[in-house]
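Asker: Contents of entry_34.txt (compact mmCIF, C-alpha atoms) are given next:
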```txt
# COMPACT_ATOMS: atom_id res chain seq x y z
CA MET A 1 0.00 0.00 0.00
CA ASP A 2 1.44 3.38 -0.93
CA ALA A 3 1.94 6.12 1.65
CA ASP A 4 -0.83 8.37 0.31
CA LYS A 5 -3.44 5.61 0.52
CA LYS A 6 -2.30 4.68 4.01
CA ARG A 7 -2.63 8.32 5.12
CA GLU A 8 -6.10 8.49 3.59
CA LEU A 9 -7.24 5.38 5.44
CA ALA A 10 -5.63 6.51 8.70
CA ARG A 11 -7.45 9.84 8.44
CA ALA A 12 -10.76 8.06 7.80
CA ALA A 13 -10.15 5.77 10.78
CA ASN A 14 -9.42 8.78 12.95
CA GLN A 15 -12.64 10.46 11.83
CA ILE A 16 -14.50 7.27 12.68
CA ARG A 17 -12.98 7.33 16.15
CA MET A 18 -13.99 10.97 16.60
CA GLY A 19 -17.51 10.03 15.54
CA VAL A 20 -17.58 7.25 18.13
CA ILE A 21 -16.63 9.65 20.92
CA GLU A 22 -19.08 12.28 19.70
CA ALA A 23 -21.96 9.81 19.56
CA VAL A 24 -21.36 8.13 22.91
CA TYR A 25 -20.69 11.40 24.72
CA ASN A 26 -23.89 13.04 23.48
CA ALA A 27 -25.92 9.94 24.28
CA GLY A 28 -24.43 9.55 27.73
CA ALA A 29 -24.27 5.83 26.98
CA GLY A 30 -22.85 3.35 24.50
CA HIS A 31 -19.88 1.12 23.81
CA PRO A 32 -16.75 3.06 22.91
CA GLY A 33 -14.04 0.46 23.62
CA GLY A 34 -14.97 -2.11 20.99
CA SER A 35 -16.05 0.59 18.53
CA LEU A 36 -12.60 2.18 18.67
CA SER A 37 -10.84 -1.16 18.24
CA ILE A 38 -12.56 -1.78 14.88
CA ALA A 39 -12.12 1.73 13.45
CA ASP A 40 -9.21 0.72 11.23
CA VAL A 41 -10.96 -2.25 9.64
CA LEU A 42 -14.13 -0.17 9.15
CA SER A 43 -12.01 2.45 7.41
CA TYR A 44 -10.50 -0.16 5.12
CA LEU A 45 -13.80 -1.84 4.32
CA TYR A 46 -15.81 1.30 3.61
CA PHE A 47 -13.10 3.40 1.95
CA GLN A 48 -11.18 0.72 0.06
CA GLU A 49 -12.53 -2.81 0.00
CA MET A 50 -16.29 -2.97 -0.43
CA ASN A 51 -18.35 -2.38 -3.56
CA ILE A 52 -20.95 0.09 -2.22
CA ASP A 53 -22.66 3.32 -3.23
CA PRO A 54 -23.73 5.79 -0.51
CA LYS A 55 -26.18 7.35 -2.97
CA ASN A 56 -27.80 3.96 -3.55
CA PRO A 57 -27.54 1.97 -0.29
CA LYS A 58 -29.66 -0.91 -1.64
CA MET A 59 -27.74 -1.20 -4.89
CA ASP A 60 -28.02 -4.61 -6.53
CA GLY A 61 -24.78 -6.51 -6.34
CA ARG A 62 -23.37 -4.43 -3.49
CA ASP A 63 -21.14 -6.05 -0.94
CA ARG A 64 -22.74 -6.56 2.48
CA LEU A 65 -21.36 -5.88 5.94
CA VAL A 66 -22.91 -7.36 9.07
CA LEU A 67 -21.78 -5.95 12.41
CA SER A 68 -22.38 -9.10 14.42
CA LYS A 69 -21.26 -7.37 17.61
CA GLY A 70 -24.10 -4.88 17.19
CA HIS A 71 -23.46 -3.03 20.44
CA CYS A 72 -20.50 -1.40 18.66
CA SER A 73 -22.92 0.54 16.46
CA PRO A 74 -21.14 3.88 17.16
CA GLY A 75 -18.24 2.62 15.05
CA LEU A 76 -20.49 1.46 12.23
CA TYR A 77 -22.54 4.66 12.27
CA ALA A 78 -19.41 6.81 12.21
CA ALA A 79 -18.06 4.84 9.25
CA LEU A 80 -21.34 5.15 7.34
CA ALA A 81 -21.63 8.87 8.09
CA ASN A 82 -18.08 9.65 7.00
CA ARG A 83 -18.60 7.58 3.84
CA GLY A 84 -21.60 9.74 2.96
CA PHE A 85 -24.59 7.54 3.79
CA PHE A 86 -26.03 10.21 6.12
CA PRO A 87 -24.84 13.46 7.73
CA VAL A 88 -21.96 13.26 10.21
CA GLU A 89 -23.83 15.79 12.35
CA ASP A 90 -26.52 13.17 12.99
CA LEU A 91 -24.06 11.17 15.12
CA LYS A 92 -24.87 13.60 17.93
CA THR A 93 -28.41 12.18 18.01
CA PHE A 94 -27.20 8.65 18.82
CA ARG A 95 -29.58 6.91 21.24
CA GLN A 96 -31.73 10.04 21.51
CA TYR A 97 -35.51 9.74 21.60
CA GLY A 98 -36.83 9.82 18.05
CA SER A 99 -33.42 9.39 16.41
CA TYR A 100 -32.94 6.79 13.70
CA LEU A 101 -29.50 6.03 15.18
CA GLN A 102 -30.43 3.76 18.03
CA GLY A 103 -28.18 1.66 20.26
CA HIS A 104 -28.08 -1.28 17.88
CA PRO A 105 -28.06 -1.18 14.05
CA ASP A 106 -31.50 -1.17 12.41
CA MET A 107 -31.63 -2.08 8.71
CA LYS A 108 -35.08 -0.52 8.39
CA THR A 109 -34.06 2.98 9.43
CA VAL A 110 -30.32 3.48 8.91
CA PRO A 111 -29.01 3.86 5.33
CA GLY A 112 -26.21 1.41 4.67
CA VAL A 113 -27.04 -1.05 7.44
CA ASP A 114 -27.52 -4.47 5.85
CA MET A 115 -28.69 -6.39 8.94
CA SER A 116 -30.23 -5.50 12.29
CA THR A 117 -28.01 -6.95 15.00
CA GLY A 118 -27.58 -6.92 18.75
CA SER A 119 -28.22 -10.39 20.12
CA LEU A 120 -24.74 -11.88 19.84
CA GLY A 121 -24.33 -14.71 17.37
CA LEU A 122 -27.27 -13.73 15.18
CA GLY A 123 -25.23 -11.47 12.94
CA ILE A 124 -22.75 -14.07 11.73
CA SER A 125 -25.66 -16.46 11.19
CA ALA A 126 -27.42 -13.90 8.99
CA ALA A 127 -24.17 -13.28 7.13
CA CYS A 128 -24.01 -17.00 6.32
CA GLY A 129 -27.50 -16.81 4.86
CA MET A 130 -26.56 -13.78 2.76
CA ALA A 131 -23.45 -15.54 1.45
CA LEU A 132 -25.40 -18.70 0.60
CA GLY A 133 -28.08 -16.60 -1.07
CA ALA A 134 -25.50 -14.97 -3.33
CA GLY A 135 -24.61 -18.39 -4.69
CA ILE A 136 -28.23 -19.40 -5.21
CA THR A 137 -29.13 -16.20 -7.07
CA SER A 138 -25.78 -15.89 -8.88
CA GLY A 139 -25.22 -12.63 -7.04
CA ASN A 140 -21.67 -11.41 -7.52
CA TYR A 141 -21.10 -9.92 -4.09
CA ARG A 142 -19.12 -10.61 -0.97
CA VAL A 143 -20.34 -10.67 2.62
CA TYR A 144 -18.24 -9.27 5.45
CA ALA A 145 -18.94 -9.81 9.14
CA ILE A 146 -17.32 -8.35 12.25
CA LEU A 147 -17.47 -10.38 15.46
CA GLY A 148 -16.29 -9.66 18.99
CA ASP A 149 -14.04 -12.16 20.70
CA GLY A 150 -16.42 -12.33 23.67
CA GLU A 151 -19.21 -13.04 21.18
CA LEU A 152 -17.44 -16.31 20.34
CA GLU A 153 -18.70 -17.64 23.67
CA GLU A 154 -22.13 -17.91 22.02
CA GLY A 155 -22.80 -21.42 20.73
CA GLN A 156 -24.69 -20.05 17.75
CA VAL A 157 -21.43 -18.63 16.40
CA TRP A 158 -20.03 -22.11 16.04
CA GLU A 159 -23.21 -23.45 14.46
CA ALA A 160 -22.79 -20.68 11.87
CA ALA A 161 -19.10 -21.55 11.46
CA MET A 162 -19.99 -25.20 10.88
CA PHE A 163 -22.63 -24.19 8.32
CA ALA A 164 -20.30 -21.86 6.43
CA GLY A 165 -17.51 -24.42 6.32
CA HIS A 166 -19.84 -27.18 5.16
CA TYR A 167 -21.29 -25.10 2.32
CA ARG A 168 -17.88 -23.67 1.41
CA LEU A 169 -19.07 -20.07 1.51
CA ALA A 170 -15.97 -18.58 -0.06
CA ASN A 171 -17.66 -15.21 -0.47
CA LEU A 172 -17.94 -14.87 3.32
CA CYS A 173 -15.18 -13.18 5.30
CA ALA A 174 -15.41 -12.82 9.08
CA TRP A 175 -13.24 -10.41 11.07
CA VAL A 176 -12.72 -11.41 14.71
CA ASP A 177 -11.90 -8.37 16.85
CA PHE A 178 -9.52 -10.08 19.26
CA ASN A 179 -8.97 -7.38 21.89
CA GLY A 180 -9.08 -9.83 24.80
CA MET A 181 -11.78 -8.04 26.78
CA GLN A 182 -15.54 -8.13 27.24
CA ILE A 183 -18.00 -6.37 29.50
CA ASP A 184 -17.39 -8.68 32.48
CA GLY A 185 -13.60 -8.63 32.31
CA ARG A 186 -10.71 -10.17 30.46
CA LEU A 187 -11.57 -12.97 28.10
CA GLU A 188 -9.51 -15.63 29.86
CA GLU A 189 -11.21 -14.79 33.18
CA VAL A 190 -14.78 -15.08 31.87
CA VAL A 191 -15.12 -17.93 29.34
CA SER A 192 -12.13 -18.18 27.02
CA PRO A 193 -12.91 -19.18 23.42
CA CYS A 194 -9.21 -19.65 22.70
CA PRO A 195 -7.51 -20.97 20.65
CA ILE A 196 -9.67 -19.04 18.19
CA PRO A 197 -7.77 -19.78 14.95
CA ASP A 198 -7.74 -23.53 15.59
CA LYS A 199 -11.48 -23.60 16.15
CA PHE A 200 -12.23 -21.91 12.82
CA ARG A 201 -9.78 -24.22 11.05
CA ALA A 202 -11.61 -27.21 12.56
CA PHE A 203 -14.79 -25.98 10.86
CA ASN A 204 -13.01 -25.81 7.48
CA TRP A 205 -12.29 -22.09 7.34
CA ASN A 206 -9.30 -20.37 5.81
CA VAL A 207 -7.70 -18.56 8.77
CA ILE A 208 -5.48 -15.48 8.67
CA GLU A 209 -3.90 -13.98 11.79
CA ILE A 210 -2.87 -10.31 11.75
CA GLY A 211 -2.55 -7.17 13.82
CA ALA A 212 -5.75 -5.16 13.60
CA HIS A 213 -4.20 -1.70 13.30
CA ASP A 214 -1.77 -2.27 10.41
CA PHE A 215 -3.26 -1.25 7.06
CA ASN A 216 -0.71 -3.24 5.07
CA ALA A 217 -1.68 -6.36 7.03
CA ILE A 218 -5.37 -5.62 6.59
CA GLU A 219 -4.93 -5.17 2.84
CA GLY A 220 -2.99 -8.41 2.57
CA ALA A 221 -5.55 -10.33 4.60
CA TYR A 222 -8.50 -9.25 2.47
CA ALA A 223 -6.55 -9.98 -0.72
CA ALA A 224 -5.85 -13.48 0.58
CA ALA A 225 -9.51 -13.90 1.50
CA ARG A 226 -10.59 -13.00 -2.04
CA ALA A 227 -8.03 -15.42 -3.45
CA CYS A 228 -9.44 -18.31 -1.40
CA THR A 229 -12.21 -19.81 -3.54
CA ASP A 230 -13.13 -23.00 -1.71
CA LYS A 231 -13.88 -22.01 1.89
CA PRO A 232 -14.88 -19.03 4.06
CA THR A 233 -12.16 -16.89 5.61
CA ALA A 234 -11.76 -15.80 9.23
CA ILE A 235 -9.35 -12.96 9.90
CA VAL A 236 -8.36 -13.19 13.57
CA ALA A 237 -7.11 -9.68 14.29
CA SER A 238 -5.28 -8.85 17.51
CA SER A 239 -6.53 -5.39 18.48
CA THR A 240 -6.35 -2.86 21.28
CA LYS A 241 -9.58 -2.17 23.12
CA GLY A 242 -10.22 1.58 22.99
CA ALA A 243 -7.50 2.10 20.37
CA GLY A 244 -6.68 5.74 19.73
CA VAL A 245 -7.75 7.22 23.06
CA SER A 246 -5.02 6.84 25.67
CA PHE A 247 -7.13 6.43 28.79
CA MET A 248 -9.52 4.00 27.09
CA GLU A 249 -6.86 1.68 25.71
CA ASN A 250 -6.77 -1.80 27.29
CA ALA A 251 -9.28 -0.72 29.94
CA VAL A 252 -12.16 -3.12 30.55
CA ASP A 253 -14.37 -0.45 32.12
CA TRP A 254 -14.56 1.45 28.79
CA HIS A 255 -16.40 -1.45 27.18
CA GLY A 256 -19.75 0.18 27.85
CA LYS A 257 -19.78 3.67 29.32
CA ALA A 258 -19.72 7.26 28.12
CA PRO A 259 -17.01 9.86 28.83
CA ASN A 260 -17.81 12.91 30.95
CA ARG A 261 -17.11 16.41 29.61
CA GLU A 262 -13.47 16.45 30.67
CA GLN A 263 -12.83 12.99 29.26
CA TYR A 264 -14.66 13.89 26.05
CA GLU A 265 -12.47 16.95 25.56
CA GLN A 266 -9.30 14.97 26.25
CA ALA A 267 -10.29 12.21 23.84
CA MET A 268 -11.20 14.62 21.06
CA ALA A 269 -7.98 16.59 21.57
CA GLU A 270 -5.94 13.41 21.27
CA LEU A 271 -7.79 12.36 18.11
CA VAL A 272 -7.54 15.79 16.48
CA GLY A 273 -3.83 15.66 17.20
CA ARG A 274 -3.57 12.39 15.27
CA ILE A 275 -4.96 13.85 12.03
CA ILE A 276 -2.29 13.88 9.32
```
Now that the file is in, can you turn its structure into structure tokens?

Answerer:
Amino acid sequence: MDADKKRELARAANQIRMGVIEAVYNAGAGHPGGSLSIADVLSYLYFQEMNIDPKNPKMDGRDRLVLSKGHCSPGLYAALANRGFFPVEDLKTFRQYGSYLQGHPDMKTVPGVDMSTGSLGLGISAACGMALGAGITSGNYRVYAILGDGELEEGQVWEAAMFAGHYRLANLCAWVDFNGMQIDGRLEEVVSPCPIPDKFRAFNWNVIEIGAHDFNAIEGAYAAARACTDKPTAIVASSTKGAGVSFMENAVDWHGKAPNREQYEQAMAELVGRII
């Protein structure tokens, strides 16, 4: 990846992070930690990888993205807004009464949302159905899903993994946000799903392990996923919870709470300072 493209994606990721903080702060609630940890992959998907059109969100043949960890909607909304699906200013209405930007993604009200999610495990299951449907209808599109590592404790995830491997859904690519934390604590202290790569391999998936905040690695992983034509791909990405905001990084308690005014100002100052 050339330097100009990397700067462009880094700037988009930073704008997504700013949108996350703006949304959660104005709502007084939300999930910043896991939204920040997926900002880089959202930047890559929406500004580089996916075949989409903000002016025609339901375009035939578009690629689909399913945010299986739907509580991280601030990240998805910020990506969609900065990509032009709806005004960035609307992020300030997140979780407000009457707003179309509610706590979990709603495909009926939010332009660009392909599946309503929230109950963990349902999103990856729906993504499997979308990928299978593309083959049945000869649809030339890919399906992308983003899962949380804590979400892997849901049995339904592994039913979906078994299904996808059995039907060789090569147009399905799942990103596992492996930040090692969930709302109740560190992954290994709650119910560890590790070793994650081995489990996906056991269900006949192509598995790629990368660092989640390296755009060259992200680009290479998605290229390898497209090149794999006989099985689904799982990208197990080691990430930093709260990435980009110093006091939120690797802090379990920022899984699901909003910053106060002072914290909001500090976070935004740090993010503005990262713009290149």

Asker: Identify which of the residues A:Pro197, A:Pro105, A:Pro232, A:Gly118 lies closest to Ala161 of chain A, counting all atoms listed in the file when measuring atom-to-atom distances.

Answerer: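 Looking only at the distances to Ala161 of chain A, the closest residue turns out to be A:Pro232.
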
Asker: For a test of reading the model, state the distance in Å between atom CA of Asp253 of chain A and atom CA of Tyr25 of chain A, rounded to one decimal.

Answerer: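 Result for atom CA of Asp253 of chain A versus atom CA of Tyr25 of chain A: 15.3 Å, one decimal.
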
Asker: Measure the distance from atom CA of Arg186 of chain A to atom CA of Gly220 of chain A in Å and round it to one decimal.

Answerer: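 Result for atom CA of Arg186 of chain A versus atom CA of Gly220 of chain A: 29.0 Å, one decimal.
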
Asker: Under the rule that all atoms listed in the file are counted, which of A:Asp106, A:Glu89, A:Glu151, A:Glu188 is the nearest residue to Ser119 of chain A?

Answerer: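 Ranked by minimum distance to Ser119 of chain A, first place goes to A:Glu151.
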
Asker: Between atom CA of Ile21 of chain A and atom CA of Leu67 of chain A, what distance in Å does the model show, to one decimal?

Answerer: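 Between atom CA of Ile21 of chain A and atom CA of Leu67 of chain A the gap works out to 18.5 Å.
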
Asker: Pick out the closest residue to Tyr97 of chain A from this set: A:Ala27, A:Ile183, A:Leu172, A:Ala224. Count all atoms listed in the file.

Answerer: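 The answer is A:Ala27, which sits nearest to Tyr97 of chain A.
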
Asker: Do a neighbour search on segment 44-61 of chain A at 7 Å with all atoms listed in the file, toss out local chain neighbours closer than 2 positions, and write the hits as a list in words.

Answerer: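 These residues fall inside the cut-off: Leu9, Asp40, Val41, Leu42, Asp63, Arg83, Gly84, Phe85, Pro111, Gly112, Gly139, Asn140 and Tyr141 of chain A.
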
Asker: Using the structure just given, write a file holding N, CA and C atoms for segment 233-259 of chain A, as a PDB file, in the first residue's frame.

Answerer:
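Result saved to selection14.pdb:
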```
ATOM      1  N   THR A 233     -13.387 -17.375   4.971  1.00  0.00           N
ATOM      2  CA  THR A 233     -12.163 -16.889   5.607  1.00  0.00           C
ATOM      3  C   THR A 233     -12.486 -16.202   6.924  1.00  0.00           C
ATOM      4  N   ALA A 234     -11.693 -16.507   7.943  1.00  0.00           N
ATOM      5  CA  ALA A 234     -11.758 -15.805   9.228  1.00  0.00           C
ATOM      6  C   ALA A 234     -10.437 -15.072   9.434  1.00  0.00           C
ATOM      7  N   ILE A 235     -10.525 -13.760   9.584  1.00  0.00           N
ATOM      8  CA  ILE A 235      -9.347 -12.956   9.903  1.00  0.00           C
ATOM      9  C   ILE A 235      -9.366 -12.714  11.409  1.00  0.00           C
ATOM     10  N   VAL A 236      -8.457 -13.346  12.110  1.00  0.00           N
ATOM     11  CA  VAL A 236      -8.361 -13.188  13.567  1.00  0.00           C
ATOM     12  C   VAL A 236      -7.370 -12.061  13.824  1.00  0.00           C
ATOM     13  N   ALA A 237      -7.900 -10.906  14.233  1.00  0.00           N
ATOM     14  CA  ALA A 237      -7.109  -9.685  14.291  1.00  0.00           C
ATOM     15  C   ALA A 237      -6.875  -9.249  15.737  1.00  0.00           C
ATOM     16  N   SER A 238      -5.631  -9.282  16.161  1.00  0.00           N
ATOM     17  CA  SER A 238      -5.283  -8.846  17.513  1.00  0.00           C
ATOM     18  C   SER A 238      -5.369  -7.322  17.585  1.00  0.00           C
ATOM     19  N   SER A 239      -6.255  -6.823  18.433  1.00  0.00           N
ATOM     20  CA  SER A 239      -6.525  -5.391  18.483  1.00  0.00           C
ATOM     21  C   SER A 239      -6.360  -4.856  19.900  1.00  0.00           C
ATOM     22  N   THR A 240      -6.409  -3.536  19.999  1.00  0.00           N
ATOM     23  CA  THR A 240      -6.348  -2.856  21.283  1.00  0.00           C
ATOM     24  C   THR A 240      -7.711  -2.275  21.603  1.00  0.00           C
ATOM     25  N   LYS A 241      -8.308  -2.735  22.677  1.00  0.00           N
ATOM     26  CA  LYS A 241      -9.582  -2.166  23.120  1.00  0.00           C
ATOM     27  C   LYS A 241      -9.397  -0.664  23.346  1.00  0.00           C
ATOM     28  N   GLY A 242     -10.306   0.136  22.805  1.00  0.00           N
ATOM     29  CA  GLY A 242     -10.218   1.577  22.988  1.00  0.00           C
ATOM     30  C   GLY A 242      -9.123   2.246  22.185  1.00  0.00           C
ATOM     31  N   ALA A 243      -8.643   1.607  21.126  1.00  0.00           N
ATOM     32  CA  ALA A 243      -7.497   2.097  20.365  1.00  0.00           C
ATOM     33  C   ALA A 243      -7.681   3.539  19.905  1.00  0.00           C
ATOM     34  N   GLY A 244      -6.684   4.359  20.178  1.00  0.00           N
ATOM     35  CA  GLY A 244      -6.682   5.740  19.726  1.00  0.00           C
ATOM     36  C   GLY A 244      -6.936   6.764  20.800  1.00  0.00           C
ATOM     37  N   VAL A 245      -7.492   6.318  21.926  1.00  0.00           N
ATOM     38  CA  VAL A 245      -7.747   7.221  23.060  1.00  0.00           C
ATOM     39  C   VAL A 245      -6.981   6.662  24.253  1.00  0.00           C
ATOM     40  N   SER A 246      -5.984   7.388  24.717  1.00  0.00           N
ATOM     41  CA  SER A 246      -5.018   6.841  25.670  1.00  0.00           C
ATOM     42  C   SER A 246      -5.647   6.225  26.904  1.00  0.00           C
ATOM     43  N   PHE A 247      -6.587   6.922  27.524  1.00  0.00           N
ATOM     44  CA  PHE A 247      -7.125   6.429  28.789  1.00  0.00           C
ATOM     45  C   PHE A 247      -8.177   5.330  28.609  1.00  0.00           C
ATOM     46  N   MET A 248      -8.587   5.087  27.357  1.00  0.00           N
ATOM     47  CA  MET A 248      -9.523   3.999  27.087  1.00  0.00           C
ATOM     48  C   MET A 248      -8.819   2.723  26.640  1.00  0.00           C
ATOM     49  N   GLU A 249      -7.568   2.836  26.252  1.00  0.00           N
ATOM     50  CA  GLU A 249      -6.864   1.680  25.708  1.00  0.00           C
ATOM     51  C   GLU A 249      -6.622   0.606  26.773  1.00  0.00           C
ATOM     52  N   ASN A 250      -6.970  -0.631  26.412  1.00  0.00           N
ATOM     53  CA  ASN A 250      -6.769  -1.801  27.286  1.00  0.00           C
ATOM     54  C   ASN A 250      -7.423  -1.638  28.646  1.00  0.00           C
ATOM     55  N   ALA A 251      -8.548  -0.940  28.682  1.00  0.00           N
ATOM     56  CA  ALA A 251      -9.279  -0.717  29.937  1.00  0.00           C
ATOM     57  C   ALA A 251     -10.667  -1.350  29.825  1.00  0.00           C
ATOM     58  N   VAL A 252     -10.899  -2.383  30.612  1.00  0.00           N
ATOM     59  CA  VAL A 252     -12.162  -3.120  30.545  1.00  0.00           C
ATOM     60  C   VAL A 252     -13.357  -2.214  30.805  1.00  0.00           C
ATOM     61  N   ASP A 253     -13.200  -1.252  31.730  1.00  0.00           N
ATOM     62  CA  ASP A 253     -14.368  -0.454  32.116  1.00  0.00           C
ATOM     63  C   ASP A 253     -14.857   0.470  31.008  1.00  0.00           C
ATOM     64  N   TRP A 254     -14.090   0.639  29.921  1.00  0.00           N
ATOM     65  CA  TRP A 254     -14.563   1.447  28.792  1.00  0.00           C
ATOM     66  C   TRP A 254     -15.280   0.600  27.743  1.00  0.00           C
ATOM     67  N   HIS A 255     -15.592  -0.630  28.100  1.00  0.00           N
ATOM     68  CA  HIS A 255     -16.400  -1.447  27.180  1.00  0.00           C
ATOM     69  C   HIS A 255     -17.755  -0.784  26.940  1.00  0.00           C
ATOM     70  N   GLY A 256     -18.382  -0.314  28.003  1.00  0.00           N
ATOM     71  CA  GLY A 256     -19.753   0.180  27.854  1.00  0.00           C
ATOM     72  C   GLY A 256     -20.095   1.350  28.743  1.00  0.00           C
ATOM     73  N   LYS A 257     -19.386   2.461  28.600  1.00  0.00           N
ATOM     74  CA  LYS A 257     -19.778   3.668  29.319  1.00  0.00           C
ATOM     75  C   LYS A 257     -19.358   4.896  28.525  1.00  0.00           C
ATOM     76  N   ALA A 258     -19.979   6.028  28.851  1.00  0.00           N
ATOM     77  CA  ALA A 258     -19.716   7.264  28.121  1.00  0.00           C
ATOM     78  C   ALA A 258     -18.732   8.145  28.885  1.00  0.00           C
ATOM     79  N   PRO A 259     -17.914   8.924  28.161  1.00  0.00           N
ATOM     80  CA  PRO A 259     -17.013   9.863  28.829  1.00  0.00           C
ATOM     81  C   PRO A 259     -17.774  11.063  29.384  1.00  0.00           C
TER      82      PRO A 259
END
```
